[in-house]
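Everything below concerns the one structure shown next.
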Amino acid sequence: MDPIRMGVVGCGAIAQVHHMPNLHDLPDHFTVTAVCDVSPGAAAFVARKFNVPNHFTDYRDLLASDVEAVLLCQSDPKTEVAVAALEAGKHLFIEKPMCFSLQEVDAIIAARQRAGVVGQVGYMKVYDPAYEYGKQVVEGMSNIRFVQVNHLHPNNDLHMRQFDVRRFNDLPASVIAETRAARERARREAIGDVPLYVEKAFYMLSGSMIHDIYGMRTMLGLPNRIVSSDIWFDGRAFTMNLEYPNGARCVATWVDLPDLWDFQESIEVYGDNKRVIVSYPTGFARGILSQVVVQGIDEQGVSYKQEPAIDWESAFSRELRHFYDCIRNGATCRTPVESARDDIGLIIDVVKHYLASHER
């Protein structure tokens with residue numbers, strides 16, 4: 001089959017570090033025929049670096065070109081471009097966060113369903129070999145009691161400096177103002193007018209802790225109750241305690257530690273006689289593998305610890321190959337735009353739970 005003609009909207013760090021190199025390394029799957037960014041310098045640089053024949057500053061021009069699919073990784077919000085791409089009949093790969101409000105989610109879902117095309121969310125950790133192995137083990141556990149999620153996040157610049165990421169100071173003032181206004185409208189739709197520290201926590205949950213939220217949902221299902229939620233450290237930290245239908249509890253925490261180079265993110269699942277721990281590297285890394293550890297007690301009462309070897313292929317490449325498989329071979333999408341509704345809904349609910357508990 002012919003490679004998919006891909007257009008990339010958004011030429012920032014995630015495109016430069018991961019998506020463009022990975023698309024280039026999958027020539028049987030994709031041919032990038034156009035890139036677009038509201039920064040003329042970024043669009044021209046990425047086109048030149050990756051030998052892309054066309055570059056634009058208006059996404060409408062990209063949609064009018066010969067692209068079959070759009071990889072959307074522009075600055076948030078992405079809703080306007082996502083809906084336009086779907087309405088133009090383009091398959092859509094949309095980076096997280098897909099959007100902020102349920103109204104936006106529903107608009108994107110409706111557009112995808114009308115178009116009948118593939119709509120995949122960039123939930124790359126679901127495609128990580130370590131996560132896939134851990135999820136398989138967890139699915140065989142009959143007595144999950146406790147789940148711990150830790151996400152200790154340094155400044156991304158500490159990790160991006162190992163790559164040739166170019167930034168350009170050429171954004172039109174009108175574009176900056178329009179983007180800020182659209183972002184604020186979406187946030188008001190989602191959680192209303194809130195104190196600044198709550199707003200900061202909401203964007204952190206949507207933009208970074210979303211990885212943990214969809215990972216928990218995919219591995220454990222949906223919680224049936226929010227036991228508690230807390231924002232602290234002036235909006236730079238969040239902790240939630242969730243209850244699941246079987247009575248298990250999950251305590252999930254995200255903390256901003258900007259000056260500490262070491263990135264740590266893990267999900268730990270504990271049962272009566274087995275535990276599974278999946279640990280991830282920073283998203284701004286190449287060639288650093290995630291890890292999975294399984295500990296337990298076998299039928300003879302012997303304790304064991306396993307650290308399986310993990311496939312070297314990156315989660316970013318695996319999700320792109322899956323996108324191709326969905327488009328060309330009709331595979332069922334593992335991370336459809338419809339699934340993002342549950343994640344965005346949970347983010348809104350835990351923030352509202354915090355607000356309600358602090359009104360008393």
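If you're wondering about the labels, chains in the structure tokens are A, B, ... by order shown, residues count from 1 in each chain, ligands from 1 in order shown.
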
Each residue of region 199-223 of chain A with at least one atom at most 12 Å from region 263-282 of chain A should appear once, together with its nearest atom pair and the corresponding distance in Å (one decimal); atoms considered: only C-alpha atoms; ordering: chain, then increasing residue number; output as a Markdown table.
| residue | atom | partner | partner_atom | distance |
| --- | --- | --- | --- | --- |
| A:Ser208 | CA | A:Glu265 | CA | 10.9 |
| A:Met209 | CA | A:Glu265 | CA | 9.9 |
| A:His211 | CA | A:Glu265 | CA | 9.7 |
| A:Asp212 | CA | A:Ile267 | CA | 7.8 |
| A:Ile213 | CA | A:Ile267 | CA | 10.4 |
| A:Tyr214 | CA | A:Ile267 | CA | 11.6 |
| A:Gly215 | CA | A:Ile267 | CA | 8.4 |
| A:Met216 | CA | A:Ile267 | CA | 8.0 |
| A:Arg217 | CA | A:Ile267 | CA | 11.8 |
| A:Met219 | CA | A:Val269 | CA | 9.7 |
| A:Leu220 | CA | A:Val269 | CA | 9.4 |

Do you know which residues are at most 9 Å from Arg112 (chain A) counting only C-alpha atoms, after dropping those on the same chain fewer than 4 positions away, and could you put them as a compact mmCIF listing (two decimals) with C-alpha atoms, in the first residue's frame?
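Output (result_19.txt):
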# COMPACT_ATOMS: atom_id res chain seq x y z
CA VAL A 83 -12.93 20.02 13.62
CA LEU A 86 -12.28 16.24 10.15
CA GLU A 87 -14.84 18.24 8.19
CA GLY A 89 -12.38 14.48 5.38
CA HIS A 91 -7.89 11.36 9.19
CA LEU A 92 -6.78 12.99 12.44
CA ALA A 107 -17.76 18.85 18.79
CA ILE A 108 -14.67 16.82 17.81
CA GLY A 116 -16.33 8.55 9.06
CA VAL A 117 -12.54 8.88 9.31
CA VAL A 118 -9.99 7.78 11.91
CA GLY A 119 -9.61 10.06 14.92
CA VAL A 337 -11.16 10.61 20.26

I'd like the neighbourhood of Glu189 (chain A) as a PDB file with C-alpha atoms, in the first residue's frame, where a residue qualifies if any of its atoms comes within 10 Å (using only C-alpha atoms), though same-chain residues fewer than 5 positions away should be ignored.
ATOM      1  CA  PHE A 100     -10.236  21.167  27.787  1.00  0.00           C
ATOM      2  CA  SER A 101     -14.057  21.127  27.921  1.00  0.00           C
ATOM      3  CA  LEU A 102     -16.757  18.539  27.288  1.00  0.00           C
ATOM      4  CA  GLN A 103     -18.329  20.872  24.732  1.00  0.00           C
ATOM      5  CA  GLU A 104     -15.099  20.749  22.726  1.00  0.00           C
ATOM      6  CA  ARG A 183      -7.829  28.974  25.815  1.00  0.00           C
ATOM      7  CA  GLU A 184      -9.632  31.063  28.421  1.00  0.00           C
TER       8      GLU A 184
END

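Proximity to Asp58 (chain A) was assessed for A:Ala88, A:Val9, A:Leu23, A:Tyr244 counting only C-alpha atoms; the smallest distance is recorded for A:Val9.
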
In Å, how far is it from CA of Tyr354 (chain A) to CA of Ser229 (chain A)?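 These two atoms are separated by 5.3 Å.
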
Separation of CA of Val292 (chain A) and CA of Ala130 (chain A), in Å? 5.4 Å

DSSP-assigned alpha helix (DSSP H) among region 68-184 of chain A, expressed as a PyMOL selection string: chain A and resi 79-87+102-115+129-139+157-160+173-184

Output N, CA and C atoms of each residue in that selection to a file, as a tab-separated table (two decimals), in the first residue's frame.
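Heads up, here's the output in selection.tsv:
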chain	number	residue	atom	x	y	z
A	79	THR	N	-9.08	22.67	19.10
A	79	THR	CA	-10.42	22.27	18.66
A	79	THR	C	-10.78	22.80	17.28
A	80	GLU	N	-10.54	24.06	17.02
A	80	GLU	CA	-10.93	24.65	15.73
A	80	GLU	C	-10.27	23.91	14.58
A	81	VAL	N	-8.98	23.65	14.69
A	81	VAL	CA	-8.26	22.98	13.61
A	81	VAL	C	-8.68	21.52	13.52
A	82	ALA	N	-8.90	20.87	14.66
A	82	ALA	CA	-9.32	19.47	14.67
A	82	ALA	C	-10.65	19.29	13.94
A	83	VAL	N	-11.61	20.13	14.26
A	83	VAL	CA	-12.93	20.02	13.62
A	83	VAL	C	-12.82	20.32	12.13
A	84	ALA	N	-12.04	21.34	11.78
A	84	ALA	CA	-11.87	21.69	10.37
A	84	ALA	C	-11.22	20.54	9.59
A	85	ALA	N	-10.22	19.90	10.18
A	85	ALA	CA	-9.55	18.79	9.51
A	85	ALA	C	-10.52	17.63	9.28
A	86	LEU	N	-11.31	17.33	10.28
A	86	LEU	CA	-12.28	16.24	10.15
A	86	LEU	C	-13.35	16.59	9.12
A	87	GLU	N	-13.82	17.82	9.15
A	87	GLU	CA	-14.84	18.24	8.19
A	87	GLU	C	-14.31	18.24	6.77
A	102	LEU	N	-15.92	19.58	27.87
A	102	LEU	CA	-16.76	18.54	27.29
A	102	LEU	C	-17.45	19.03	26.02
A	103	GLN	N	-17.73	20.33	25.95
A	103	GLN	CA	-18.33	20.87	24.73
A	103	GLN	C	-17.38	20.71	23.55
A	104	GLU	N	-16.09	20.95	23.79
A	104	GLU	CA	-15.10	20.75	22.73
A	104	GLU	C	-15.00	19.27	22.34
A	105	VAL	N	-14.95	18.41	23.34
A	105	VAL	CA	-14.89	16.97	23.06
A	105	VAL	C	-16.04	16.55	22.16
A	106	ASP	N	-17.24	16.98	22.52
A	106	ASP	CA	-18.43	16.56	21.77
A	106	ASP	C	-18.40	17.09	20.34
A	107	ALA	N	-17.86	18.30	20.15
A	107	ALA	CA	-17.76	18.85	18.79
A	107	ALA	C	-16.78	18.03	17.95
A	108	ILE	N	-15.67	17.62	18.54
A	108	ILE	CA	-14.67	16.82	17.81
A	108	ILE	C	-15.23	15.43	17.50
A	109	ILE	N	-15.88	14.82	18.48
A	109	ILE	CA	-16.45	13.49	18.27
A	109	ILE	C	-17.51	13.54	17.17
A	110	ALA	N	-18.38	14.54	17.22
A	110	ALA	CA	-19.45	14.65	16.22
A	110	ALA	C	-18.86	14.83	14.82
A	111	ALA	N	-17.81	15.64	14.71
A	111	ALA	CA	-17.19	15.87	13.41
A	111	ALA	C	-16.54	14.59	12.88
A	112	ARG	N	-15.92	13.82	13.77
A	112	ARG	CA	-15.30	12.57	13.33
A	112	ARG	C	-16.36	11.58	12.85
A	113	GLN	N	-17.45	11.48	13.59
A	113	GLN	CA	-18.49	10.54	13.24
A	113	GLN	C	-19.17	10.92	11.92
A	114	ARG	N	-19.36	12.21	11.70
A	114	ARG	CA	-19.94	12.65	10.41
A	114	ARG	C	-19.00	12.32	9.26
A	115	ALA	N	-17.71	12.49	9.48
A	115	ALA	CA	-16.74	12.28	8.41
A	115	ALA	C	-16.45	10.80	8.17
A	129	PRO	N	5.74	-0.51	25.31
A	129	PRO	CA	5.82	-1.96	25.58
A	129	PRO	C	5.80	-2.32	27.06
A	130	ALA	N	6.39	-1.48	27.91
A	130	ALA	CA	6.38	-1.75	29.35
A	130	ALA	C	4.96	-1.63	29.90
A	131	TYR	N	4.23	-0.60	29.46
A	131	TYR	CA	2.85	-0.44	29.90
A	131	TYR	C	2.00	-1.61	29.42
A	132	GLU	N	2.17	-2.01	28.17
A	132	GLU	CA	1.38	-3.11	27.62
A	132	GLU	C	1.61	-4.40	28.41
A	133	TYR	N	2.87	-4.66	28.78
A	133	TYR	CA	3.18	-5.85	29.57
A	133	TYR	C	2.53	-5.73	30.95
A	134	GLY	N	2.72	-4.58	31.60
A	134	GLY	CA	2.15	-4.39	32.92
A	134	GLY	C	0.64	-4.50	32.92
A	135	LYS	N	0.00	-3.94	31.91
A	135	LYS	CA	-1.47	-4.01	31.81
A	135	LYS	C	-1.94	-5.46	31.70
A	136	GLN	N	-1.21	-6.26	30.93
A	136	GLN	CA	-1.58	-7.66	30.78
A	136	GLN	C	-1.52	-8.39	32.12
A	137	VAL	N	-0.48	-8.10	32.91
A	137	VAL	CA	-0.37	-8.73	34.22
A	137	VAL	C	-1.50	-8.26	35.14
A	138	VAL	N	-1.77	-6.95	35.12
A	138	VAL	CA	-2.82	-6.39	35.99
A	138	VAL	C	-4.17	-7.00	35.65
A	139	GLU	N	-4.42	-7.22	34.37
A	139	GLU	CA	-5.71	-7.80	33.98
A	139	GLU	C	-5.90	-9.21	34.53
A	157	ASP	N	12.79	21.96	29.69
A	157	ASP	CA	13.99	22.52	29.05
A	157	ASP	C	15.26	21.80	29.48
A	158	LEU	N	15.26	21.21	30.67
A	158	LEU	CA	16.43	20.48	31.13
A	158	LEU	C	16.71	19.27	30.25
A	159	HIS	N	15.66	18.72	29.66
A	159	HIS	CA	15.81	17.53	28.83
A	159	HIS	C	15.85	17.87	27.34
A	160	MET	N	15.21	18.95	26.96
A	160	MET	CA	15.18	19.31	25.53
A	160	MET	C	16.51	19.88	25.05
A	173	ALA	N	1.27	39.28	17.08
A	173	ALA	CA	0.60	39.60	18.35
A	173	ALA	C	-0.87	39.20	18.32
A	174	SER	N	-1.50	39.33	17.17
A	174	SER	CA	-2.92	38.96	17.05
A	174	SER	C	-3.14	37.47	17.28
A	175	VAL	N	-2.20	36.64	16.81
A	175	VAL	CA	-2.31	35.19	17.00
A	175	VAL	C	-2.15	34.84	18.48
A	176	ILE	N	-1.20	35.49	19.14
A	176	ILE	CA	-1.01	35.24	20.57
A	176	ILE	C	-2.27	35.60	21.35
A	177	ALA	N	-2.87	36.74	21.02
A	177	ALA	CA	-4.08	37.19	21.72
A	177	ALA	C	-5.25	36.26	21.45
A	178	GLU	N	-5.41	35.83	20.20
A	178	GLU	CA	-6.51	34.93	19.85
A	178	GLU	C	-6.37	33.58	20.53
A	179	THR	N	-5.15	33.08	20.60
A	179	THR	CA	-4.91	31.79	21.25
A	179	THR	C	-5.21	31.88	22.73
A	180	ARG	N	-4.75	32.96	23.36
A	180	ARG	CA	-5.01	33.13	24.79
A	180	ARG	C	-6.51	33.23	25.06
A	181	ALA	N	-7.24	33.97	24.24
A	181	ALA	CA	-8.68	34.13	24.42
A	181	ALA	C	-9.41	32.80	24.24
A	182	ALA	N	-9.02	32.02	23.23
A	182	ALA	CA	-9.66	30.74	23.00
A	182	ALA	C	-9.40	29.78	24.15
A	183	ARG	N	-8.19	29.83	24.68
A	183	ARG	CA	-7.83	28.97	25.82
A	183	ARG	C	-8.67	29.33	27.04
A	184	GLU	N	-8.84	30.63	27.27
A	184	GLU	CA	-9.63	31.06	28.42
A	184	GLU	C	-11.10	30.70	28.25

Would you mind telling me which residue in A:Asp128, A:His151, A:Gln306, A:Asp234 lies nearest to Pro195 (chain A) when using only C-alpha atoms?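 Closest candidate: A:Asp234.
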
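Between CA of Arg225 (chain A) and CA of Arg249 (chain A) the separation is 9.6 Å.
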
Sorted by chain and rising residue number, list the residues of region 168-284 of chain A at most 12 Å from region 47-57 of chain A (counting only C-alpha atoms), each with its closest atom pair and distance in Å to one decimal, as CSV.
residue,atom,partner,partner_atom,distance
A:Asp170,CA,A:Thr57,CA,11.5
A:Leu171,CA,A:Thr57,CA,10.3
A:Pro172,CA,A:Thr57,CA,11.0
A:Val175,CA,A:Thr57,CA,11.1

DSSP strand (DSSP E or B) selection over region 87-175 of chain A, as a ChimeraX atom specification: /A:91-95,119-122,144-153

Name all residues at most 9 Å from Val255 (chain A) (count only C-alpha atoms; drop same-chain ones fewer than 4 positions away) and give them as a list in words.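 The neighbour list is Asn150, His151, Leu152, His153, Pro154, Phe233, Arg236, Ala237, Phe238 and Thr239 of chain A.
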
Atoms kept (C-alpha atoms) for selection, written as a PDB file, in the first residue's frame:
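Okay, this is what ended up in selection21.pdb:
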ATOM      1  CA  ASN A 150       3.707   9.425  41.147  1.00  0.00           C
ATOM      2  CA  HIS A 151       4.627  12.055  38.567  1.00  0.00           C
ATOM      3  CA  LEU A 152       7.572  14.222  39.627  1.00  0.00           C
ATOM      4  CA  HIS A 153       8.111  16.651  36.787  1.00  0.00           C
ATOM      5  CA  PRO A 154      11.179  18.832  36.167  1.00  0.00           C
ATOM      6  CA  PHE A 233       2.244  24.326  46.153  1.00  0.00           C
ATOM      7  CA  ARG A 236       2.118  23.331  41.072  1.00  0.00           C
ATOM      8  CA  ALA A 237       1.032  20.094  42.720  1.00  0.00           C
ATOM      9  CA  PHE A 238      -2.121  17.991  42.740  1.00  0.00           C
ATOM     10  CA  THR A 239      -3.174  14.863  44.600  1.00  0.00           C
TER      11      THR A 239
END
